[in-house]
$ cat model24.csv   # CSV, C-alpha atoms
chain,number,residue,atom,x,y,z
A,1,MET,CA,-4.2,11.2,-21.1
A,2,ILE,CA,-4.5,15.0,-20.5
A,3,PHE,CA,-1.5,17.3,-19.8
A,4,GLY,CA,0.6,14.1,-19.3
A,5,LEU,CA,-1.7,12.8,-16.6
A,6,LYS,CA,-3.4,9.4,-16.8
A,7,MET,CA,-7.2,9.8,-16.3
A,8,LYS,CA,-7.2,6.3,-14.7
A,9,ASN,CA,-4.8,7.5,-12.1
A,10,VAL,CA,-6.8,10.6,-11.4
A,11,LEU,CA,-10.0,8.6,-11.0
A,12,PHE,CA,-8.5,6.1,-8.6
A,13,ILE,CA,-6.8,8.7,-6.5
A,14,LEU,CA,-10.2,10.4,-6.1
A,15,ILE,CA,-11.8,7.0,-5.2
A,16,GLY,CA,-9.0,6.4,-2.7
A,17,THR,CA,-9.5,9.8,-1.0
A,18,ALA,CA,-13.3,9.2,-0.8
A,19,ILE,CA,-12.8,5.8,0.9
A,20,MET,CA,-10.2,7.2,3.3
A,21,SER,CA,-12.4,10.2,4.1
A,22,PHE,CA,-15.4,8.0,4.8
A,23,GLY,CA,-13.4,5.9,7.3
A,24,LEU,CA,-12.0,9.0,9.0
A,25,VAL,CA,-15.4,10.6,9.5
A,26,ASN,CA,-17.5,7.6,10.3
A,27,PHE,CA,-15.0,5.6,12.4
A,28,ASN,CA,-12.1,7.8,13.7
A,29,MET,CA,-14.1,11.0,14.3
A,30,GLN,CA,-17.2,9.3,15.6
A,31,ASN,CA,-15.3,7.1,18.1
A,32,LYS,CA,-12.4,9.5,19.1
A,33,LEU,CA,-9.7,7.4,17.5
A,34,ALA,CA,-6.4,9.1,16.6
A,35,GLU,CA,-4.2,8.6,13.5
A,36,GLY,CA,-0.6,9.3,12.6
A,37,GLY,CA,0.8,11.9,10.2
A,38,PHE,CA,-0.9,15.1,9.1
A,39,THR,CA,-4.2,13.3,9.3
A,40,GLY,CA,-3.6,12.7,13.0
A,41,ILE,CA,-2.8,16.4,13.5
A,42,THR,CA,-6.1,17.4,11.8
A,43,LEU,CA,-8.0,15.0,14.1
A,44,LEU,CA,-6.1,16.4,17.2
A,45,LEU,CA,-7.1,19.9,16.2
A,46,TYR,CA,-10.7,18.7,15.7
A,47,PHE,CA,-11.0,17.1,19.1
A,48,MET,CA,-9.2,19.9,20.9
A,49,PHE,CA,-10.7,23.0,19.2
A,50,LYS,CA,-13.4,21.6,16.9
A,51,TRP,CA,-11.5,22.9,13.8
A,52,ASP,CA,-12.9,21.3,10.7
A,53,PRO,CA,-10.3,18.7,9.3
A,54,SER,CA,-11.3,19.5,5.7
A,55,TYR,CA,-9.9,23.0,6.2
A,56,THR,CA,-7.0,22.3,8.5
A,57,ASN,CA,-5.8,19.5,6.1
A,58,LEU,CA,-5.4,22.1,3.3
A,59,ILE,CA,-3.9,24.8,5.5
A,60,LEU,CA,-1.2,22.5,6.9
A,61,ASN,CA,-0.3,21.3,3.4
A,62,ILE,CA,-0.2,24.6,1.5
A,63,PRO,CA,3.4,25.5,2.7
A,64,LEU,CA,4.6,22.0,1.8
A,65,PHE,CA,3.2,22.3,-1.8
A,66,PHE,CA,5.8,25.0,-2.5
A,67,ILE,CA,8.6,22.8,-1.2
A,68,GLY,CA,7.3,19.6,-2.9
A,69,TRP,CA,7.2,21.1,-6.4
A,70,LYS,CA,11.0,20.5,-7.0
A,71,LEU,CA,11.1,17.3,-4.9
A,72,LEU,CA,8.3,15.4,-6.5
A,73,GLY,CA,8.4,16.3,-10.1
A,74,ARG,CA,5.5,17.7,-12.2
A,75,ASN,CA,3.2,14.7,-12.4
A,76,ALA,CA,3.7,13.4,-8.9
A,77,PHE,CA,3.2,16.9,-7.6
A,78,ILE,CA,-0.1,17.3,-9.4
A,79,TYR,CA,-1.2,13.9,-8.2
A,80,THR,CA,-0.3,14.9,-4.6
A,81,ILE,CA,-2.3,18.1,-4.9
A,82,LEU,CA,-5.2,16.1,-6.3
A,83,GLY,CA,-5.0,13.6,-3.3
A,84,THR,CA,-4.8,16.4,-0.7
A,85,VAL,CA,-7.6,18.5,-2.2
A,86,GLY,CA,-9.7,15.4,-2.8
A,87,LEU,CA,-9.3,14.3,0.8
A,88,SER,CA,-10.4,17.8,2.1
A,89,VAL,CA,-13.4,17.8,-0.3
A,90,PHE,CA,-14.6,14.4,0.7
A,91,LEU,CA,-14.0,15.1,4.4
A,92,TRP,CA,-16.2,18.2,4.0
A,93,ILE,CA,-18.9,16.1,2.3
A,94,PHE,CA,-18.9,13.1,4.7
A,95,GLN,CA,-19.0,15.3,7.7
A,96,ARG,CA,-22.2,16.9,6.5
A,97,TYR,CA,-23.7,13.6,5.3
A,98,SER,CA,-22.2,11.1,7.8
A,99,ILE,CA,-23.7,7.8,8.7
A,100,TYR,CA,-24.3,7.4,12.4
A,101,MET,CA,-22.8,4.1,13.7
A,102,PRO,CA,-22.8,3.9,17.5
A,103,LEU,CA,-19.7,1.8,18.1
A,104,LYS,CA,-18.5,3.4,21.4
A,105,ASP,CA,-19.2,0.1,23.2
A,106,ASP,CA,-17.3,-1.8,20.5
A,107,LEU,CA,-14.1,0.1,19.9
A,108,LEU,CA,-12.4,-3.0,18.5
A,109,LEU,CA,-14.9,-3.1,15.6
A,110,ALA,CA,-14.5,0.7,15.1
A,111,ALA,CA,-10.7,0.4,15.1
A,112,LEU,CA,-10.7,-2.5,12.6
A,113,PHE,CA,-13.0,-0.6,10.2
A,114,ALA,CA,-11.0,2.6,10.7
A,115,GLY,CA,-7.8,0.8,9.8
A,116,VAL,CA,-9.4,-1.1,6.8
A,117,PHE,CA,-10.9,2.1,5.2
A,118,LEU,CA,-7.8,4.2,5.8
A,119,GLY,CA,-5.6,1.4,4.5
A,120,ILE,CA,-7.7,0.7,1.4
A,121,GLY,CA,-7.9,4.4,0.6
A,122,LEU,CA,-4.2,5.2,1.1
A,123,GLY,CA,-3.2,2.0,-0.7
A,124,ILE,CA,-5.2,3.0,-3.8
A,125,ILE,CA,-3.8,6.5,-3.7
A,126,PHE,CA,-0.2,5.3,-3.4
A,127,ARG,CA,-0.7,2.6,-6.0
A,128,TYR,CA,-1.8,5.2,-8.6
A,129,GLY,CA,1.0,7.6,-8.0
A,130,GLY,CA,-0.6,10.0,-5.5
A,131,THR,CA,-0.1,11.0,-1.9
A,132,THR,CA,-2.1,13.1,0.5
A,133,GLY,CA,0.9,15.4,1.1
A,134,GLY,CA,2.1,16.0,4.6
A,135,VAL,CA,4.6,13.6,6.0
A,136,ASP,CA,5.5,12.2,2.7
A,137,ILE,CA,7.0,15.5,1.5
A,138,ILE,CA,8.7,16.1,4.9
A,139,ALA,CA,10.2,12.6,4.8
A,140,ARG,CA,11.6,13.3,1.3
A,141,LEU,CA,13.2,16.5,2.6
A,142,VAL,CA,14.8,14.7,5.6
A,143,GLN,CA,16.0,12.0,3.3
A,144,LYS,CA,17.6,14.5,1.0
A,145,TYR,CA,19.3,16.7,3.6
A,146,ALA,CA,19.8,14.4,6.6
A,147,GLY,CA,20.1,11.0,4.9
A,148,TRP,CA,17.3,9.3,7.0
A,149,SER,CA,15.1,6.8,5.3
A,150,MET,CA,11.6,7.9,4.6
A,151,GLY,CA,10.2,5.1,6.7
A,152,ARG,CA,12.2,6.2,9.7
A,153,THR,CA,11.0,9.8,9.4
A,154,MET,CA,7.3,8.8,8.9
A,155,PHE,CA,7.5,6.4,11.9
A,156,ILE,CA,8.9,9.0,14.2
A,157,PHE,CA,6.4,11.6,13.0
A,158,ASP,CA,3.5,9.2,13.6
A,159,ILE,CA,4.7,8.3,17.1
A,160,CYS,CA,5.0,12.0,18.0
A,161,VAL,CA,1.5,12.8,16.7
A,162,ILE,CA,-0.1,9.8,18.4
A,163,GLY,CA,1.8,10.7,21.6
A,164,ALA,CA,0.5,14.2,21.5
A,165,SER,CA,-3.0,12.8,21.0
A,166,VAL,CA,-2.6,10.7,24.1
A,167,LEU,CA,-1.4,13.7,26.1
A,168,THR,CA,-4.4,15.8,25.0
A,169,TYR,CA,-7.6,14.1,24.3
A,170,LEU,CA,-7.1,10.3,24.2
A,171,ASN,CA,-7.6,8.1,27.2
A,172,TYR,CA,-5.6,4.9,27.5
A,173,ARG,CA,-8.4,2.7,26.0
A,174,GLU,CA,-8.8,4.9,22.9
A,175,ALA,CA,-5.0,5.1,22.5
A,176,MET,CA,-4.7,1.3,22.5
A,177,TYR,CA,-7.4,0.9,19.9
A,178,THR,CA,-5.8,3.7,17.9
A,179,LEU,CA,-2.7,1.5,17.7
A,180,VAL,CA,-4.8,-1.4,16.5
A,181,ALA,CA,-6.3,0.8,13.7
A,182,VAL,CA,-2.8,2.1,12.7
A,183,PHE,CA,-1.4,-1.4,12.5
A,184,ILE,CA,-4.4,-2.7,10.5
A,185,GLY,CA,-4.1,0.3,8.2
A,186,ALA,CA,-0.4,-0.3,7.5
A,187,ARG,CA,-1.0,-4.0,6.7
A,188,VAL,CA,-3.9,-3.1,4.3
A,189,ILE,CA,-1.8,-0.5,2.6
A,190,ASP,CA,0.9,-3.1,2.0
A,191,PHE,CA,-1.7,-5.6,0.7
A,192,ILE,CA,-3.2,-3.1,-1.7
A,193,GLN,CA,0.2,-2.0,-3.0
A,194,GLU,CA,2.0,-5.3,-3.2
A,195,GLY,CA,-0.3,-8.2,-2.1
A,196,ALA,CA,-3.3,-7.6,-4.2
A,197,TYR,CA,-1.4,-9.5,-6.9
A,198,THR,CA,1.4,-11.5,-5.5
A,199,ALA,CA,3.2,-14.1,-7.6
A,200,ARG,CA,5.1,-17.2,-6.5
A,201,GLY,CA,8.7,-18.0,-7.3
A,202,ALA,CA,9.7,-21.7,-7.5
A,203,MET,CA,13.3,-23.1,-7.2
A,204,ILE,CA,13.4,-26.6,-8.6
A,205,VAL,CA,16.2,-29.2,-8.3
A,206,SER,CA,15.7,-32.4,-10.2
A,207,GLU,CA,17.4,-35.1,-12.2
A,208,ARG,CA,15.0,-34.3,-15.0
A,209,ASN,CA,15.3,-30.5,-15.3
A,210,ASP,CA,15.0,-30.4,-19.1
A,211,ASP,CA,11.7,-32.4,-19.1
A,212,ILE,CA,10.3,-30.2,-16.3
A,213,ALA,CA,11.4,-26.9,-18.0
A,214,LYS,CA,9.9,-28.1,-21.3
A,215,LYS,CA,6.6,-29.0,-19.7
A,216,ILE,CA,6.3,-25.7,-17.9
A,217,MET,CA,6.9,-23.7,-21.1
A,218,ASP,CA,4.6,-25.9,-23.2
A,219,GLU,CA,1.7,-26.4,-20.8
A,220,MET,CA,1.8,-23.3,-18.7
A,221,ASP,CA,3.4,-20.8,-21.1
A,222,ARG,CA,5.8,-19.6,-18.4
A,223,GLY,CA,9.5,-18.9,-18.9
A,224,VAL,CA,12.1,-20.9,-17.0
A,225,THR,CA,15.6,-19.7,-16.0
A,226,VAL,CA,18.4,-22.2,-15.6
A,227,LEU,CA,20.8,-21.3,-12.7
A,228,LYS,CA,24.1,-22.9,-11.9
A,229,GLY,CA,24.1,-24.6,-8.5
A,230,TYR,CA,26.6,-26.4,-6.4
A,231,GLY,CA,25.8,-29.0,-3.7
A,232,SER,CA,27.6,-28.2,-0.5
A,233,PHE,CA,27.5,-31.8,0.7
A,234,THR,CA,27.9,-33.6,-2.6
A,235,LYS,CA,30.3,-31.1,-4.1
A,236,ILE,CA,28.5,-31.7,-7.4
A,237,GLU,CA,27.6,-28.9,-9.8
A,238,ARG,CA,24.0,-29.0,-11.0
A,239,GLU,CA,21.4,-26.9,-12.6
A,240,VAL,CA,18.6,-25.2,-10.7
A,241,LEU,CA,15.4,-24.1,-12.4
A,242,TYR,CA,13.7,-20.8,-11.4
A,243,CYS,CA,10.2,-20.0,-12.5
A,244,VAL,CA,7.7,-17.3,-11.5
A,245,VAL,CA,4.0,-17.9,-11.8
A,246,ALA,CA,0.8,-16.3,-10.6
A,247,LYS,CA,-0.3,-17.4,-7.2
A,248,ASN,CA,-3.3,-19.2,-8.5
A,249,GLU,CA,-1.0,-21.3,-10.7
A,250,ILE,CA,1.3,-22.6,-8.0
A,251,VAL,CA,-0.7,-25.8,-7.4
A,252,ARG,CA,-0.8,-26.6,-11.1
A,253,LEU,CA,3.0,-26.0,-11.2
A,254,LYS,CA,3.7,-28.3,-8.3
A,255,ASN,CA,1.5,-31.0,-9.8
A,256,LEU,CA,3.2,-30.7,-13.1
A,257,ILE,CA,6.7,-31.0,-11.5
A,258,THR,CA,5.5,-34.1,-9.5
A,259,SER,CA,4.1,-35.7,-12.6
A,260,VAL,CA,7.6,-35.5,-14.2
A,261,ASP,CA,9.7,-36.2,-11.1
A,262,PRO,CA,8.0,-37.1,-7.8
A,263,HIS,CA,11.3,-36.8,-6.0
A,264,ALA,CA,12.1,-33.2,-7.2
A,265,PHE,CA,13.1,-30.6,-4.6
A,266,VAL,CA,10.8,-27.6,-4.9
A,267,SER,CA,11.1,-24.4,-2.8
A,268,VAL,CA,8.3,-21.8,-3.2
A,269,THR,CA,8.6,-18.2,-2.1
A,270,VAL,CA,6.2,-15.2,-2.2
A,271,VAL,CA,7.1,-12.6,-4.9
A,272,HIS,CA,5.6,-9.2,-4.1
A,273,ASP,CA,6.6,-7.3,-7.2
A,274,VAL,CA,7.1,-8.7,-10.7
A,275,HIS,CA,8.1,-6.8,-13.9
A,276,GLY,CA,8.4,-8.4,-17.3
A,277,GLU,CA,6.6,-10.5,-19.9
A,278,GLY,CA,3.5,-12.3,-18.6
A,279,PHE,CA,3.1,-9.9,-15.7
A,280,THR,CA,3.7,-6.2,-16.6
A,281,LEU,CA,4.4,-6.8,-20.4
A,282,ASP,CA,2.3,-8.7,-22.9
A,283,GLU,CA,3.7,-11.1,-25.5
A,284,ASN,CA,4.5,-8.1,-27.7
A,285,LYS,CA,6.6,-6.5,-25.0
A,286,LYS,CA,4.0,-3.7,-24.5
A,287,PRO,CA,3.0,-2.6,-21.0
A,288,ILE,CA,-0.1,-4.2,-19.5
A,289,GLU,CA,-2.4,-1.5,-18.0
A,290,ILE,CA,-3.1,-2.1,-14.3
$ encode --input "model24.csv" --output "structure tokens"
Amino acid sequence: MIFGLKMKNVLFILIGTAIMSFGLVNFNMQNKLAEGGFTGITLLLYFMFKWDPSYTNLILNIPLFFIGWKLLGRNAFIYTILGTVGLSVFLWIFQRYSIYMPLKDDLLLAALFAGVFLGIGLGIIFRYGGTTGGVDIIARLVQKYAGWSMGRTMFIFDICVIGASVLTYLNYREAMYTLVAVFIGARVIDFIQEGAYTARGAMIVSERNDDIAKKIMDEMDRGVTVLKGYGSFTKIEREVLYCVVAKNEIVRLKNLITSVDPHAFVSVTVVHDVHGEGFTLDENKKPIEI
């Protein structure tokens, strides 16, 4: 850790910007696909006036850096500068050392790969505390002074940018494939941030709760919480077990429950974010590095 910054975060933010830049140059720019946010504005300026995105990205973000200093806090602000500058540097590199992939006749493939690369890149950047500036800072400002959610502001901004692209250089076919790329990118970002390690939460109702709880704790080394339940039909109070396990453990958990009580009622849900011992803390209550 240097100057309060985690070197692991710095490294992965740079990796994320490299992946994102590669996709923008080799799939978006080569196939005239647009994008939302400030990235979309840089692409619009590129296709309209041939202005280099590596420069316009920095120029557009410089005024926002002065605003973002107070909004983001020191570390987040530095990570944001790192993400923005890293994106510009890698855009400059990949434009000069691009890989020619003729996908004009297969825009679906181009859109899929554009979305995947942008989603993976941004997902990694966000996961390690960075941003690429632009709309994120604007959205925070609007949230603070107008009360709008960040998601709402970013969505409206994206629609405006893509709409402007349609009115200037995109034809209807490229516009439709752009929407495919944007959708894929959003889903991949969610997966990288939340779904790369999703857990499973199980609600268990059984006549043998004590035996099931003991077996889960002994054999799976997972904690079990006992909740008070009330049957709407039977009007009988009963205990409900709640247990969170890793997604690769859910089959083992269900088999364990069935071995104790084949008639147990089990409800399994997807848990996108888990904090605590066994997930983000080790047995000594110390953070597990991710």
$ atom_distance --input "model24.csv" --atom1 "atom CA of Gly86 of chain A" --atom2 "atom CA of Ile184 of chain A"
23.1 Å
$ atom_distance --input "model24.csv" --atom1 "atom CA of Arg200 of chain A" --atom2 "atom CA of Phe233 of chain A"
27.7 Å
$ closest_atom_pairs --input "model24.csv" --of "segment 178-271 of chain A" --to "segment 35-55 of chain A" --cutoff "12 Å" --atoms "all atoms listed in the file" --output "Markdown table"
| residue | atom | partner | partner_atom | distance |
| --- | --- | --- | --- | --- |
| A:Thr178 | CA | A:Glu35 | CA | 6.8 |
| A:Leu179 | CA | A:Glu35 | CA | 8.4 |
| A:Val180 | CA | A:Glu35 | CA | 10.5 |
| A:Ala181 | CA | A:Glu35 | CA | 8.1 |
| A:Val182 | CA | A:Glu35 | CA | 6.7 |
| A:Phe183 | CA | A:Glu35 | CA | 10.4 |
| A:Ile184 | CA | A:Glu35 | CA | 11.7 |
| A:Gly185 | CA | A:Glu35 | CA | 9.8 |
| A:Ala186 | CA | A:Gly36 | CA | 10.9 |
$ residues_around --input "model24.csv" --residues "segment 25-27 of chain A" --least-positions-apart "5" --cutoff "12 Å" --atoms "all atoms listed in the file" --output "ChimeraX atom specification"
/A:18-20,32-35,39,42-43,46,52-54,87-88,90-104,106-118,177-178,181
$ atom_distance --input "model24.csv" --atom1 "atom CA of Ile257 of chain A" --atom2 "atom CA of Asp211 of chain A"
9.2 Å
$ residues_around --input "model24.csv" --residues "Thr80 of chain A" --least-positions-apart "6" --cutoff "6 Å" --atoms "only C-alpha atoms" --output "ChimeraX atom specification"
/A:130-133
$ closest_residue --input "model24.csv" --among "A:Thr225, A:Ser232, A:Thr56, A:Ser21" --to "Ala213 of chain A" --atoms "only C-alpha atoms"
A:Thr225
$ closest_residue --input "model24.csv" --among "A:Asp218, A:Ala199, A:Tyr169, A:Tyr128" --to "His275 of chain A" --atoms "only C-alpha atoms"
A:Ala199
$ residues_around --input "model24.csv" --residues "Gly134 of chain A" --least-positions-apart "3" --cutoff "8 Å" --atoms "only C-alpha atoms" --output "ChimeraX atom specification"
/A:37-38,60-61,64,137-138
$ write_last_selection --input "model24.csv" --atoms "C-alpha atoms" --output "CSV table (one decimal), keeping the file's coordinate frame"
chain,number,residue,atom,x,y,z
A,37,GLY,CA,0.8,11.9,10.2
A,38,PHE,CA,-0.9,15.1,9.1
A,60,LEU,CA,-1.2,22.5,6.9
A,61,ASN,CA,-0.3,21.3,3.4
A,64,LEU,CA,4.6,22.0,1.8
A,137,ILE,CA,7.0,15.5,1.5
A,138,ILE,CA,8.7,16.1,4.9
$ closest_residue --input "model24.csv" --among "A:Asn31, A:Thr269, A:Thr84, A:Asn171" --to "Val135 of chain A" --atoms "all atoms listed in the file"
A:Thr84
$ residues_near_point --input "model24.csv" --point "(6.1, -21.9, -5.1)" --cutoff "9 Å" --atoms "only C-alpha atoms" --output "tab-separated table (two decimals) with C-alpha atoms, in the frame of the given file"
chain	number	residue	atom	x	y	z
A	199	ALA	CA	3.20	-14.10	-7.60
A	200	ARG	CA	5.10	-17.20	-6.50
A	201	GLY	CA	8.70	-18.00	-7.30
A	202	ALA	CA	9.70	-21.70	-7.50
A	203	MET	CA	13.30	-23.10	-7.20
A	243	CYS	CA	10.20	-20.00	-12.50
A	244	VAL	CA	7.70	-17.30	-11.50
A	245	VAL	CA	4.00	-17.90	-11.80
A	247	LYS	CA	-0.30	-17.40	-7.20
A	250	ILE	CA	1.30	-22.60	-8.00
A	251	VAL	CA	-0.70	-25.80	-7.40
A	253	LEU	CA	3.00	-26.00	-11.20
A	254	LYS	CA	3.70	-28.30	-8.30
A	266	VAL	CA	10.80	-27.60	-4.90
A	267	SER	CA	11.10	-24.40	-2.80
A	268	VAL	CA	8.30	-21.80	-3.20
A	269	THR	CA	8.60	-18.20	-2.10
A	270	VAL	CA	6.20	-15.20	-2.20
$ closest_residue --input "model24.csv" --among "A:Ile159, A:Leu5, A:Ala246, A:Ile212" --to "Arg74 of chain A" --atoms "only C-alpha atoms"
A:Leu5
$ closest_residue --input "model24.csv" --among "A:Trp69, A:Gly119, A:Asn9, A:Val85" --to "Gln193 of chain A" --atoms "all atoms listed in the file"
A:Gly119
